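Enquirer: Got structure-v1.csv for you, CSV, C-alpha atoms:
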chain,number,residue,atom,x,y,z
U,1,MET,CA,-10.5,17.5,-19.0
U,2,THR,CA,-7.7,17.1,-16.4
U,3,ASP,CA,-5.3,19.3,-14.5
U,4,ASN,CA,-2.5,18.0,-16.8
U,5,ILE,CA,0.7,20.0,-16.6
U,6,ALA,CA,3.2,19.3,-19.4
U,7,PRO,CA,6.6,18.1,-18.3
U,8,GLU,CA,8.3,21.0,-20.1
U,9,GLN,CA,6.6,23.4,-17.6
U,10,ALA,CA,8.3,21.7,-14.6
U,11,PRO,CA,11.9,22.9,-14.6
U,12,GLY,CA,12.8,25.7,-12.2
U,13,ILE,CA,10.2,27.3,-10.0
U,14,ILE,CA,6.8,25.9,-10.7
U,15,ASP,CA,3.3,27.1,-9.8
U,16,ARG,CA,2.9,25.2,-6.5
U,17,ASP,CA,-0.8,25.7,-6.4
U,18,ALA,CA,-1.1,24.2,-9.9
U,19,ALA,CA,1.2,21.3,-8.8
U,20,LEU,CA,-1.1,20.6,-5.8
U,21,ARG,CA,-4.1,20.7,-8.1
U,22,TYR,CA,-2.5,18.1,-10.4
U,23,GLN,CA,-1.6,16.0,-7.3
U,24,THR,CA,-5.2,16.0,-6.2
U,25,ALA,CA,-6.5,15.1,-9.7
U,26,SER,CA,-3.9,12.4,-10.2
U,27,LEU,CA,-4.9,10.7,-6.9
U,28,GLN,CA,-8.4,10.5,-8.1
U,29,ARG,CA,-7.2,8.7,-11.3
U,30,VAL,CA,-4.8,6.3,-9.8
U,31,SER,CA,-6.3,5.4,-6.4
U,32,ARG,CA,-9.9,5.9,-5.3
U,33,THR,CA,-9.1,4.6,-1.8
U,34,PHE,CA,-6.4,7.2,-1.1
U,35,ALA,CA,-8.4,9.9,-2.9
U,36,LEU,CA,-11.0,9.2,-0.2
U,37,THR,CA,-8.8,9.0,2.8
U,38,ILE,CA,-6.1,11.6,2.2
U,39,PRO,CA,-8.5,14.6,2.3
U,40,ARG,CA,-9.3,13.6,6.0
U,41,LEU,CA,-5.7,14.6,7.0
U,42,PRO,CA,-4.7,18.0,8.2
U,43,ALA,CA,-3.8,20.3,5.3
U,44,GLY,CA,0.0,20.0,5.5
U,45,LEU,CA,-0.2,16.2,5.8
U,46,GLN,CA,-2.5,16.1,2.8
U,47,GLU,CA,0.3,17.6,0.7
U,48,THR,CA,3.1,15.4,1.9
U,49,VAL,CA,1.2,12.1,2.2
U,50,GLY,CA,-0.5,12.7,-1.2
U,51,ASN,CA,2.9,13.3,-2.7
U,52,GLY,CA,4.4,10.3,-1.0
U,53,TYR,CA,1.6,8.1,-2.4
U,54,LEU,CA,2.2,9.4,-6.0
U,55,LEU,CA,5.9,8.7,-5.7
U,56,CYS,CA,5.2,5.2,-4.5
U,57,ARG,CA,2.6,4.9,-7.4
U,58,ILE,CA,5.4,5.8,-9.9
U,59,ALA,CA,7.6,3.0,-8.4
U,60,ASP,CA,4.6,0.6,-8.6
U,61,THR,CA,4.0,1.6,-12.2
U,62,ILE,CA,7.5,0.6,-13.0
U,63,GLU,CA,7.0,-2.7,-11.2
U,64,ASP,CA,3.6,-3.4,-12.8
U,65,ASP,CA,4.6,-2.9,-16.4
U,66,PRO,CA,3.9,-6.2,-18.1
U,67,LEU,CA,6.4,-5.9,-20.9
U,68,LEU,CA,9.6,-4.9,-19.0
U,69,ASP,CA,11.9,-7.6,-17.7
U,70,TRP,CA,13.2,-7.4,-14.1
U,71,GLU,CA,16.5,-5.9,-15.3
U,72,ALA,CA,14.8,-3.0,-17.1
U,73,LYS,CA,12.6,-2.4,-14.1
U,74,ALA,CA,15.6,-2.3,-11.8
U,75,HIS,CA,17.2,0.2,-14.1
U,76,TRP,CA,14.2,2.5,-14.1
U,77,GLN,CA,13.8,2.3,-10.4
U,78,LYS,CA,17.4,3.5,-10.1
U,79,VAL,CA,16.8,6.4,-12.5
U,80,PHE,CA,13.7,7.5,-10.6
U,81,LEU,CA,15.6,7.4,-7.3
U,82,ALA,CA,18.4,9.5,-9.0
U,83,VAL,CA,15.7,12.0,-9.9
U,84,LEU,CA,14.5,12.3,-6.3
U,85,ARG,CA,18.1,12.8,-5.2
U,86,LYS,CA,18.5,15.6,-7.8
U,87,GLU,CA,21.2,13.6,-9.7
U,88,THR,CA,19.1,13.2,-12.9
U,89,PRO,CA,16.7,15.6,-14.5
U,90,ALA,CA,13.1,14.6,-13.9
U,91,GLU,CA,12.2,15.3,-17.6
U,92,GLU,CA,14.8,12.7,-18.6
U,93,PHE,CA,13.0,10.0,-16.6
U,94,ALA,CA,9.6,11.1,-17.8
U,95,ARG,CA,10.6,11.0,-21.5
U,96,GLY,CA,12.6,7.9,-21.2
U,97,PHE,CA,10.2,5.7,-19.3
U,98,ALA,CA,7.2,6.9,-21.3
U,99,GLN,CA,9.0,5.5,-24.4
U,100,VAL,CA,9.2,2.0,-23.0
U,101,MET,CA,6.0,1.9,-20.9
U,102,ALA,CA,3.5,-0.6,-22.1
U,103,ALA,CA,0.6,1.0,-23.9
U,104,GLU,CA,-1.9,-1.1,-22.0
U,105,MET,CA,-1.0,0.4,-18.6
U,106,PRO,CA,-3.8,2.5,-17.2
U,107,ASP,CA,-4.3,6.0,-18.6
U,108,GLY,CA,-3.9,7.5,-15.2
U,109,GLU,CA,-0.5,6.0,-14.8
U,110,HIS,CA,0.6,7.2,-18.3
U,111,ASP,CA,-0.5,10.6,-17.2
U,112,LEU,CA,1.4,10.3,-13.9
U,113,ILE,CA,4.6,9.4,-15.6
U,114,ALA,CA,4.3,12.3,-18.1
U,115,ASN,CA,3.8,14.6,-15.2
U,116,SER,CA,6.4,13.1,-12.8
U,117,PRO,CA,8.5,16.2,-13.0
U,118,VAL,CA,5.6,18.1,-11.5
U,119,VAL,CA,5.2,15.5,-8.7
U,120,VAL,CA,8.9,15.5,-7.9
U,121,SER,CA,9.2,19.3,-7.9
U,122,LEU,CA,6.6,19.3,-5.2
U,123,THR,CA,8.6,16.7,-3.3
U,124,HIS,CA,11.6,19.1,-3.5
U,125,SER,CA,9.5,21.9,-2.0
U,126,PHE,CA,9.1,20.1,1.3
U,127,ASN,CA,11.4,20.5,4.3
U,128,SER,CA,14.4,18.2,4.8
U,129,VAL,CA,12.7,15.8,7.3
U,130,GLN,CA,9.8,15.3,4.9
U,131,GLN,CA,12.0,14.9,1.8
U,132,SER,CA,14.2,12.4,3.6
U,133,ALA,CA,11.2,10.3,4.7
U,134,LEU,CA,9.8,10.2,1.2
U,135,ILE,CA,13.0,9.5,-0.6
U,136,ARG,CA,14.0,6.8,1.9
U,137,CYS,CA,10.6,5.1,1.3
U,138,VAL,CA,11.0,5.1,-2.5
U,139,GLU,CA,14.6,3.9,-2.2
U,140,ILE,CA,13.8,0.9,-0.1
U,141,MET,CA,10.6,0.1,-2.1
U,142,GLY,CA,12.2,0.5,-5.5
U,143,GLU,CA,15.2,-1.7,-4.7
U,144,GLY,CA,13.1,-4.2,-2.8
U,145,MET,CA,10.5,-4.6,-5.6
U,146,ALA,CA,13.3,-5.0,-8.2
U,147,GLU,CA,14.7,-7.9,-6.2
U,148,PHE,CA,11.3,-9.6,-5.7
U,149,GLN,CA,10.5,-9.0,-9.4
U,150,ARG,CA,13.7,-10.9,-10.2
U,151,ARG,CA,12.5,-13.9,-8.2
U,152,ALA,CA,8.8,-13.7,-8.9
U,153,SER,CA,7.2,-16.9,-10.1
U,154,ARG,CA,4.5,-19.4,-9.3
U,155,ALA,CA,7.0,-21.2,-7.0
U,156,GLY,CA,6.1,-18.7,-4.2
U,157,LEU,CA,8.3,-17.0,-1.6
U,158,ARG,CA,10.9,-19.0,0.2
U,159,ASP,CA,9.3,-18.9,3.7
U,160,GLN,CA,7.4,-16.7,6.1
U,161,ALA,CA,10.4,-14.5,6.8
U,162,ASP,CA,10.7,-13.9,3.0
U,163,MET,CA,7.0,-12.9,2.9
U,164,ASP,CA,7.5,-10.6,5.9
U,165,HIS,CA,10.3,-8.9,4.0
U,166,TYR,CA,8.3,-8.6,0.8
U,167,CYS,CA,5.5,-7.0,2.8
U,168,TYR,CA,8.0,-4.6,4.4
U,169,VAL,CA,9.5,-3.3,1.1
U,170,VAL,CA,6.1,-2.8,-0.5
U,171,ALA,CA,4.0,-1.6,2.5
U,172,GLY,CA,5.9,-1.6,5.8
U,173,VAL,CA,8.3,1.0,4.7
U,174,VAL,CA,5.3,3.2,3.8
U,175,GLY,CA,4.2,2.8,7.4
U,176,GLU,CA,7.6,4.1,8.5
U,177,MET,CA,7.3,7.1,6.1
U,178,LEU,CA,3.9,7.9,7.5
U,179,THR,CA,5.1,7.6,11.0
U,180,THR,CA,7.8,10.3,10.4
U,181,LEU,CA,5.2,12.6,8.7
U,182,PHE,CA,2.6,12.0,11.4
U,183,VAL,CA,5.0,12.6,14.3
U,184,GLU,CA,6.2,15.8,12.7
U,185,GLU,CA,2.5,16.9,12.6
U,186,GLU,CA,1.6,15.5,16.0
U,187,PRO,CA,4.7,14.9,18.3
U,188,ARG,CA,2.5,13.6,21.1
U,189,MET,CA,2.3,10.3,19.3
U,190,LEU,CA,5.7,9.5,20.7
U,191,ALA,CA,4.4,9.6,24.2
U,192,GLY,CA,3.3,6.0,24.1
U,193,GLY,CA,6.7,4.5,23.7
U,194,ALA,CA,9.4,3.7,21.2
U,195,ASP,CA,7.6,0.9,19.4
U,196,LEU,CA,5.7,3.3,17.0
U,197,PRO,CA,7.8,2.4,13.9
U,198,ALA,CA,7.4,-1.3,14.5
U,199,LEU,CA,3.6,-0.9,14.9
U,200,ALA,CA,3.6,1.0,11.6
U,201,VAL,CA,5.5,-1.7,9.8
U,202,SER,CA,3.0,-4.3,11.2
U,203,PHE,CA,0.2,-2.0,10.0
U,204,GLY,CA,1.6,-2.1,6.5
U,205,GLN,CA,2.0,-5.9,6.6
U,206,GLY,CA,-1.6,-6.4,7.7
U,207,LEU,CA,-2.8,-4.3,4.7
U,208,GLN,CA,-0.4,-6.0,2.3
U,209,MET,CA,-1.3,-9.5,3.4
U,210,THR,CA,-4.9,-8.7,2.9
U,211,ASN,CA,-4.1,-7.6,-0.6
U,212,ILE,CA,-2.1,-10.7,-1.3
U,213,LEU,CA,-4.9,-12.9,-0.2
U,214,LYS,CA,-7.6,-10.9,-2.1
U,215,ASP,CA,-5.5,-10.8,-5.3
U,216,LEU,CA,-4.2,-14.4,-4.9
U,217,TRP,CA,-5.7,-15.7,-8.2
U,218,THR,CA,-5.2,-12.5,-10.1
U,219,ASP,CA,-1.5,-12.8,-9.4
U,220,TRP,CA,-1.6,-16.5,-10.1
U,221,GLU,CA,-3.0,-15.9,-13.6
U,222,ARG,CA,-0.1,-13.6,-14.4
U,223,GLY,CA,2.4,-16.3,-13.1
U,224,VAL,CA,3.1,-15.0,-9.6
U,225,LEU,CA,2.5,-16.5,-6.1
U,226,TRP,CA,3.3,-14.5,-3.0
U,227,LEU,CA,2.5,-17.3,-0.5
U,228,PRO,CA,5.5,-18.8,1.4
U,229,GLN,CA,6.7,-22.3,0.5
U,230,ASP,CA,7.1,-23.3,4.1
U,231,ARG,CA,3.5,-22.6,4.9
U,232,LEU,CA,2.5,-24.6,1.8
U,233,ARG,CA,4.6,-27.6,2.9
U,234,ASP,CA,3.2,-27.4,6.4
U,235,HIS,CA,-0.2,-28.2,4.8
U,236,ALA,CA,1.2,-30.9,2.4
U,237,LEU,CA,0.7,-28.5,-0.6
U,238,ALA,CA,2.9,-27.7,-3.5
U,239,PRO,CA,2.7,-24.6,-5.7
U,240,GLU,CA,1.6,-26.7,-8.7
U,241,ASP,CA,-1.3,-28.0,-6.7
U,242,LEU,CA,-2.9,-24.6,-6.5
U,243,HIS,CA,-5.7,-23.3,-8.8
U,244,PRO,CA,-8.5,-20.7,-8.7
U,245,GLY,CA,-11.5,-21.9,-6.8
U,246,MET,CA,-9.8,-24.8,-5.0
U,247,ASN,CA,-11.6,-25.8,-1.8
U,248,GLN,CA,-9.5,-28.7,-0.5
U,249,PRO,CA,-9.4,-28.8,3.3
U,250,GLU,CA,-5.6,-28.4,3.3
U,251,PHE,CA,-5.7,-25.2,1.3
U,252,THR,CA,-8.6,-23.8,3.4
U,253,LYS,CA,-6.5,-24.4,6.5
U,254,LEU,CA,-3.6,-22.5,5.0
U,255,LEU,CA,-5.8,-19.7,4.0
U,256,MET,CA,-7.3,-19.4,7.5
U,257,GLU,CA,-3.8,-19.4,9.0
U,258,MET,CA,-2.8,-16.5,6.7
U,259,ILE,CA,-6.1,-14.6,7.5
U,260,ALA,CA,-5.4,-15.0,11.3
U,261,LEU,CA,-1.8,-13.7,10.8
U,262,ALA,CA,-3.1,-10.7,8.8
U,263,ALA,CA,-5.7,-10.0,11.5
U,264,GLN,CA,-3.0,-10.0,14.2
U,265,HIS,CA,-1.1,-7.3,12.2
U,266,LEU,CA,-4.3,-5.3,11.9
U,267,ARG,CA,-4.6,-5.5,15.7
U,268,ASN,CA,-1.2,-3.7,15.8
U,269,ALA,CA,-2.5,-1.2,13.2
U,270,LEU,CA,-5.3,-0.3,15.7
U,271,THR,CA,-2.8,0.1,18.5
U,272,PHE,CA,-0.8,2.5,16.2
U,273,THR,CA,-4.0,4.4,15.4
U,274,LEU,CA,-4.9,4.8,19.1
U,275,ARG,CA,-1.5,6.5,19.7
U,276,ILE,CA,-2.8,9.4,17.6
U,277,PRO,CA,-4.4,11.9,20.0
U,278,ALA,CA,-8.2,11.6,19.9
U,279,GLU,CA,-8.7,15.2,18.8
U,280,GLN,CA,-6.8,14.4,15.6
U,281,THR,CA,-9.9,12.8,14.1
U,282,GLY,CA,-8.8,13.2,10.5
U,283,MET,CA,-5.5,11.4,11.1
U,284,ARG,CA,-7.4,8.7,13.0
U,285,ASP,CA,-10.0,8.3,10.2
U,286,PHE,CA,-7.2,7.9,7.6
U,287,CYS,CA,-6.0,4.9,9.5
U,288,LEU,CA,-9.3,3.5,10.7
U,289,TRP,CA,-10.8,3.4,7.2
U,290,ALA,CA,-7.9,1.3,5.9
U,291,ILE,CA,-8.1,-1.1,8.9
U,292,ALA,CA,-11.8,-1.5,8.7
U,293,MET,CA,-11.8,-2.2,4.9
U,294,ALA,CA,-9.0,-4.7,5.4
U,295,VAL,CA,-10.9,-6.5,8.2
U,296,LEU,CA,-14.1,-6.6,6.1
U,297,THR,CA,-12.1,-8.0,3.1
U,298,LEU,CA,-10.6,-10.8,5.4
U,299,ARG,CA,-14.1,-11.6,6.5
U,300,ARG,CA,-15.3,-12.0,2.9
U,301,ILE,CA,-12.3,-14.3,2.1
U,302,ALA,CA,-13.0,-16.4,5.3
U,303,GLU,CA,-16.6,-16.8,4.3
U,304,ASN,CA,-15.7,-17.8,0.7
U,305,PRO,CA,-12.3,-19.6,0.8
U,306,GLY,CA,-13.1,-21.2,-2.6
U,307,PHE,CA,-13.2,-17.9,-4.4
U,308,CYS,CA,-11.9,-17.6,-8.0
U,309,SER,CA,-11.3,-13.9,-8.3
U,310,ALA,CA,-10.8,-10.7,-6.3
U,311,ASP,CA,-14.2,-9.5,-7.4
U,312,GLU,CA,-15.8,-12.3,-5.4
U,313,VAL,CA,-14.4,-11.0,-2.1
U,314,LYS,CA,-14.4,-7.3,-2.8
U,315,ILE,CA,-16.3,-5.3,-0.3
U,316,SER,CA,-19.3,-3.3,-1.5
U,317,ARG,CA,-19.7,0.5,-1.7
U,318,VAL,CA,-22.4,0.2,1.0
U,319,SER,CA,-19.8,-1.4,3.3
U,320,VAL,CA,-17.3,1.5,2.6
U,321,ARG,CA,-20.0,4.1,3.4
U,322,ASN,CA,-20.8,2.2,6.6
U,323,VAL,CA,-17.1,2.3,7.5
U,324,VAL,CA,-16.9,6.0,7.0
U,325,LEU,CA,-20.0,6.6,9.1
U,326,LEU,CA,-19.0,4.4,12.0
U,327,SER,CA,-15.5,5.8,12.1
U,328,ARG,CA,-16.8,9.4,12.3
U,329,LEU,CA,-19.1,8.3,15.2
U,330,LEU,CA,-16.4,6.5,17.2
U,331,HIS,CA,-13.0,8.0,16.2
U,332,ARG,CA,-12.6,9.9,19.5
U,333,PHE,CA,-13.5,6.9,21.8
U,334,ASP,CA,-10.7,4.4,22.3
U,335,PRO,CA,-12.7,1.8,24.3
U,336,LEU,CA,-15.4,1.7,21.7
U,337,LEU,CA,-12.9,1.5,18.9
U,338,ASP,CA,-11.2,-1.4,20.6
U,339,LEU,CA,-14.6,-3.2,21.2
U,340,THR,CA,-15.7,-2.6,17.6
U,341,PHE,CA,-12.5,-4.1,16.3
U,342,ARG,CA,-12.8,-7.2,18.6
U,343,VAL,CA,-16.4,-7.7,17.4
U,344,ALA,CA,-15.4,-7.3,13.8
U,345,VAL,CA,-12.6,-9.9,14.0
U,346,LYS,CA,-14.5,-12.4,16.2
U,347,SER,CA,-15.6,-14.4,13.2
U,348,LEU,CA,-12.1,-14.6,11.8
U,349,PRO,CA,-9.8,-17.5,12.6
U,350,GLN,CA,-7.5,-16.9,15.6
U,351,GLY,CA,-3.8,-17.4,15.6
U,352,GLN,CA,-0.7,-16.6,17.7
U,353,SER,CA,0.5,-13.1,18.0
U,354,CYS,CA,2.7,-11.8,15.2
As structure tokens, please, write out the structure in this file.
Expert:
Amino acid sequence: MTDNIAPEQAPGIIDRDAALRYQTASLQRVSRTFALTIPRLPAGLQETVGNGYLLCRIADTIEDDPLLDWEAKAHWQKVFLAVLRKETPAEEFARGFAQVMAAEMPDGEHDLIANSPVVVSLTHSFNSVQQSALIRCVEIMGEGMAEFQRRASRAGLRDQADMDHYCYVVAGVVGEMLTTLFVEEEPRMLAGGADLPALAVSFGQGLQMTNILKDLWTDWERGVLWLPQDRLRDHALAPEDLHPGMNQPEFTKLLMEMIALAAQHLRNALTFTLRIPAEQTGMRDFCLWAIAMAVLTLRRIAENPGFCSADEVKISRVSVRNVVLLSRLLHRFDPLLDLTFRVAVKSLPQGQSC
């Protein structure tokens, strides 16, 4: 039994408590990671960040649908953005997209689309700064994903700059959204300088590059490669040379180069996190858990570069529990967090700063 709220209940003034209950339940169904980390945030941030994640998940659901071509996906991204801008009724999007959504998509995502009017009505209950941050994120993400879906193939991305831009539209922009929401909650974060948004974008890229490497062969099987062609050429590789489980020295060197770059971005992620005042332990945990799980995943890939599937480099539940415990012990102590990070990445390949 779920906290499902039928779309026809959403128009007008909704029961905000019921909408928040639905949001919490939906997070459990569509993302175990964010369902774990979001409750660590202060109450107000839990609401806005949780809502922002579900909005992004709706955009991702459109992108991930295996039966829609890129033109249809671009159309539905525009419709969803029009809903957020109050130009189109949310019920129209929910009914329309549900009719074309692939049956094999996860049940949690079918439920989320059906209840998207509830999610959006909660978005529209936030203040203007919060709404602007959320809507801007979905706009950049939706338009960017539609463009990359149009070009997606096993040929790979054009070059490293293209990969950087891909990481920005699917993750870096989320970092910018979170920065706006975090600073509104804790203005002292700005005291460290004006580079906070750039650090947040780098944070997002570190996480996204980790996901790209982990899911390399899952994406390959569905006909997509997110590695840059220029990096492949630097190692005398062509996209058609790649296959799951390959362990040629040239490919291993490429993989280590990408791991090093991801780790540099995660270094920036830690710098971002340390800009959060130490007494805001929940906000710090939200970031630290994501960084630690990404570092551990990179270590798994580095130890097994000939992996064939994401399951082979997935971190264990024990590792996740250890991350949570260590974070709660160290989250107030900047020097210890810095030392722990340096020890954790010591076994990873080293590269130039990003």
Enquirer: Which residues are close to Thr281 (chain U), i.e. within 7 Å by all atoms listed in the file, leaving aside same-chain residues fewer than 3 positions away? Reply as a list in words.
Expert: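 Selected residues are Ala278, Arg284, Asp285, His331 and Arg332 of chain U.
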Enquirer: Set the distance at 10 Å and use all atoms listed in the file: which residues neighbour Asp164 (chain U) once local chain neighbours fewer than 6 positions away are removed? I'd like the list as a PyMOL selection string.
Expert: chain U and resi 157+172+201-202+205+208-209+228
Enquirer: Can you pull out the residues contacting Ala262 (chain U)? Cut-off 12 Å, using all atoms listed in the file, and skip same-chain residues under 5 positions away; I want them as a PyMOL selection string.
Expert: chain U and resi 163-164+167+202-214+255-257+267-269+291+294-295+297-299+301-302+345+348-354
Enquirer: Convert the current residue selection to file output with C-alpha atoms, as a PDB file, in the coordinates of the input.
Expert:
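Resulting contents of selection14.pdb:
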ATOM      1  CA  MET U 163       7.000 -12.900   2.900  1.00  0.00           C
ATOM      2  CA  ASP U 164       7.500 -10.600   5.900  1.00  0.00           C
ATOM      3  CA  CYS U 167       5.500  -7.000   2.800  1.00  0.00           C
ATOM      4  CA  SER U 202       3.000  -4.300  11.200  1.00  0.00           C
ATOM      5  CA  PHE U 203       0.200  -2.000  10.000  1.00  0.00           C
ATOM      6  CA  GLY U 204       1.600  -2.100   6.500  1.00  0.00           C
ATOM      7  CA  GLN U 205       2.000  -5.900   6.600  1.00  0.00           C
ATOM      8  CA  GLY U 206      -1.600  -6.400   7.700  1.00  0.00           C
ATOM      9  CA  LEU U 207      -2.800  -4.300   4.700  1.00  0.00           C
ATOM     10  CA  GLN U 208      -0.400  -6.000   2.300  1.00  0.00           C
ATOM     11  CA  MET U 209      -1.300  -9.500   3.400  1.00  0.00           C
ATOM     12  CA  THR U 210      -4.900  -8.700   2.900  1.00  0.00           C
ATOM     13  CA  ASN U 211      -4.100  -7.600  -0.600  1.00  0.00           C
ATOM     14  CA  ILE U 212      -2.100 -10.700  -1.300  1.00  0.00           C
ATOM     15  CA  LEU U 213      -4.900 -12.900  -0.200  1.00  0.00           C
ATOM     16  CA  LYS U 214      -7.600 -10.900  -2.100  1.00  0.00           C
ATOM     17  CA  LEU U 255      -5.800 -19.700   4.000  1.00  0.00           C
ATOM     18  CA  MET U 256      -7.300 -19.400   7.500  1.00  0.00           C
ATOM     19  CA  GLU U 257      -3.800 -19.400   9.000  1.00  0.00           C
ATOM     20  CA  ARG U 267      -4.600  -5.500  15.700  1.00  0.00           C
ATOM     21  CA  ASN U 268      -1.200  -3.700  15.800  1.00  0.00           C
ATOM     22  CA  ALA U 269      -2.500  -1.200  13.200  1.00  0.00           C
ATOM     23  CA  ILE U 291      -8.100  -1.100   8.900  1.00  0.00           C
ATOM     24  CA  ALA U 294      -9.000  -4.700   5.400  1.00  0.00           C
ATOM     25  CA  VAL U 295     -10.900  -6.500   8.200  1.00  0.00           C
ATOM     26  CA  THR U 297     -12.100  -8.000   3.100  1.00  0.00           C
ATOM     27  CA  LEU U 298     -10.600 -10.800   5.400  1.00  0.00           C
ATOM     28  CA  ARG U 299     -14.100 -11.600   6.500  1.00  0.00           C
ATOM     29  CA  ILE U 301     -12.300 -14.300   2.100  1.00  0.00           C
ATOM     30  CA  ALA U 302     -13.000 -16.400   5.300  1.00  0.00           C
ATOM     31  CA  VAL U 345     -12.600  -9.900  14.000  1.00  0.00           C
ATOM     32  CA  LEU U 348     -12.100 -14.600  11.800  1.00  0.00           C
ATOM     33  CA  PRO U 349      -9.800 -17.500  12.600  1.00  0.00           C
ATOM     34  CA  GLN U 350      -7.500 -16.900  15.600  1.00  0.00           C
ATOM     35  CA  GLY U 351      -3.800 -17.400  15.600  1.00  0.00           C
ATOM     36  CA  GLN U 352      -0.700 -16.600  17.700  1.00  0.00           C
ATOM     37  CA  SER U 353       0.500 -13.100  18.000  1.00  0.00           C
ATOM     38  CA  CYS U 354       2.700 -11.800  15.200  1.00  0.00           C
TER      39      CYS U 354
END
Enquirer: Kindly give the distance, in Å, that separates CA of Glu139 (chain U) and CA of Ala35 (chain U), rounded to a single decimal.
Expert: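 Rounded to one decimal, the two atoms are 23.8 Å apart.
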Enquirer: I need the residue nearest Val79 (chain U) from this list: U:Gly52, U:Pro277, U:Gly44, U:Gly96. Use only C-alpha atoms for the distance.
Expert: U:Gly96
Enquirer: Skipping near chain neighbours, those fewer than 2 positions away, what residues fall within 12 Å of Phe148 (chain U) using all atoms listed in the file, listed as a PDB file with C-alpha atoms, in the frame of the given file?
Expert:
ATOM      1  CA  GLU U  63       7.000  -2.700 -11.200  1.00  0.00           C
ATOM      2  CA  TRP U  70      13.200  -7.400 -14.100  1.00  0.00           C
ATOM      3  CA  GLU U  71      16.500  -5.900 -15.300  1.00  0.00           C
ATOM      4  CA  LYS U  73      12.600  -2.400 -14.100  1.00  0.00           C
ATOM      5  CA  ALA U  74      15.600  -2.300 -11.800  1.00  0.00           C
ATOM      6  CA  MET U 141      10.600   0.100  -2.100  1.00  0.00           C
ATOM      7  CA  GLY U 142      12.200   0.500  -5.500  1.00  0.00           C
ATOM      8  CA  GLU U 143      15.200  -1.700  -4.700  1.00  0.00           C
ATOM      9  CA  GLY U 144      13.100  -4.200  -2.800  1.00  0.00           C
ATOM     10  CA  MET U 145      10.500  -4.600  -5.600  1.00  0.00           C
ATOM     11  CA  ALA U 146      13.300  -5.000  -8.200  1.00  0.00           C
ATOM     12  CA  ARG U 150      13.700 -10.900 -10.200  1.00  0.00           C
ATOM     13  CA  ARG U 151      12.500 -13.900  -8.200  1.00  0.00           C
ATOM     14  CA  ALA U 152       8.800 -13.700  -8.900  1.00  0.00           C
ATOM     15  CA  SER U 153       7.200 -16.900 -10.100  1.00  0.00           C
ATOM     16  CA  GLY U 156       6.100 -18.700  -4.200  1.00  0.00           C
ATOM     17  CA  LEU U 157       8.300 -17.000  -1.600  1.00  0.00           C
ATOM     18  CA  ARG U 158      10.900 -19.000   0.200  1.00  0.00           C
ATOM     19  CA  ASP U 162      10.700 -13.900   3.000  1.00  0.00           C
ATOM     20  CA  MET U 163       7.000 -12.900   2.900  1.00  0.00           C
ATOM     21  CA  HIS U 165      10.300  -8.900   4.000  1.00  0.00           C
ATOM     22  CA  TYR U 166       8.300  -8.600   0.800  1.00  0.00           C
ATOM     23  CA  CYS U 167       5.500  -7.000   2.800  1.00  0.00           C
ATOM     24  CA  TYR U 168       8.000  -4.600   4.400  1.00  0.00           C
ATOM     25  CA  VAL U 169       9.500  -3.300   1.100  1.00  0.00           C
ATOM     26  CA  VAL U 170       6.100  -2.800  -0.500  1.00  0.00           C
ATOM     27  CA  VAL U 224       3.100 -15.000  -9.600  1.00  0.00           C
ATOM     28  CA  LEU U 225       2.500 -16.500  -6.100  1.00  0.00           C
ATOM     29  CA  TRP U 226       3.300 -14.500  -3.000  1.00  0.00           C
TER      30      TRP U 226
END
Enquirer: Nearest to Thr123 (chain U): which of U:Asp241, U:Ile135, U:Arg154, U:Thr180 is it, counting only C-alpha atoms?
Expert: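 Comparing U:Asp241, U:Ile135, U:Arg154, U:Thr180 against Thr123 (chain U), the winner is U:Ile135.
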Enquirer: Could I get the residues of region 118-162 of chain U with an atom no further than 12 Å from an atom of region 20-27 of chain U, each paired with its nearest atom pair and that distance in Å to one decimal, using all atoms listed in the file, sorted by chain and residue number, as CSV?
Expert:
residue,atom,partner,partner_atom,distance
U:Val118,CA,U:Tyr22,CA,8.2
U:Val119,CA,U:Gln23,CA,7.0
U:Val120,CA,U:Gln23,CA,10.5
U:Ser121,CA,U:Leu20,CA,10.6
U:Leu122,CA,U:Leu20,CA,7.8
U:Thr123,CA,U:Leu20,CA,10.7
U:Ser125,CA,U:Leu20,CA,11.3
Enquirer: Give as a CSV table (one decimal) with C-alpha atoms, in the frame of the given file every residue, naming chains and numbers as the document does, that has an atom within 8 Å of (-8.2, -14.4, -3.2), counting all atoms listed in the file.
Expert:
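What landed in part.csv:
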chain,number,residue,atom,x,y,z
U,212,ILE,CA,-2.1,-10.7,-1.3
U,213,LEU,CA,-4.9,-12.9,-0.2
U,214,LYS,CA,-7.6,-10.9,-2.1
U,215,ASP,CA,-5.5,-10.8,-5.3
U,216,LEU,CA,-4.2,-14.4,-4.9
U,217,TRP,CA,-5.7,-15.7,-8.2
U,218,THR,CA,-5.2,-12.5,-10.1
U,301,ILE,CA,-12.3,-14.3,2.1
U,305,PRO,CA,-12.3,-19.6,0.8
U,307,PHE,CA,-13.2,-17.9,-4.4
U,308,CYS,CA,-11.9,-17.6,-8.0
U,309,SER,CA,-11.3,-13.9,-8.3
U,310,ALA,CA,-10.8,-10.7,-6.3
U,313,VAL,CA,-14.4,-11.0,-2.1
Enquirer: How many Å lie between CA of Met177 (chain U) and CA of Trp289 (chain U), rounded to one decimal?
Expert: 18.5 Å
Enquirer: Take CA of Ala290 (chain U) and CA of Thr33 (chain U) and report the distance between them in Å, one decimal.
Expert: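 That distance, rounded to one decimal, is 8.5 Å.
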Enquirer: Between U:Val30, U:Ala236, U:Ile58, U:Met189, which residue has the minimum interatomic distance to Phe93 (chain U), considering all atoms listed in the file?
Expert: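 Result for the nearest residue to Phe93 (chain U): U:Ile58.
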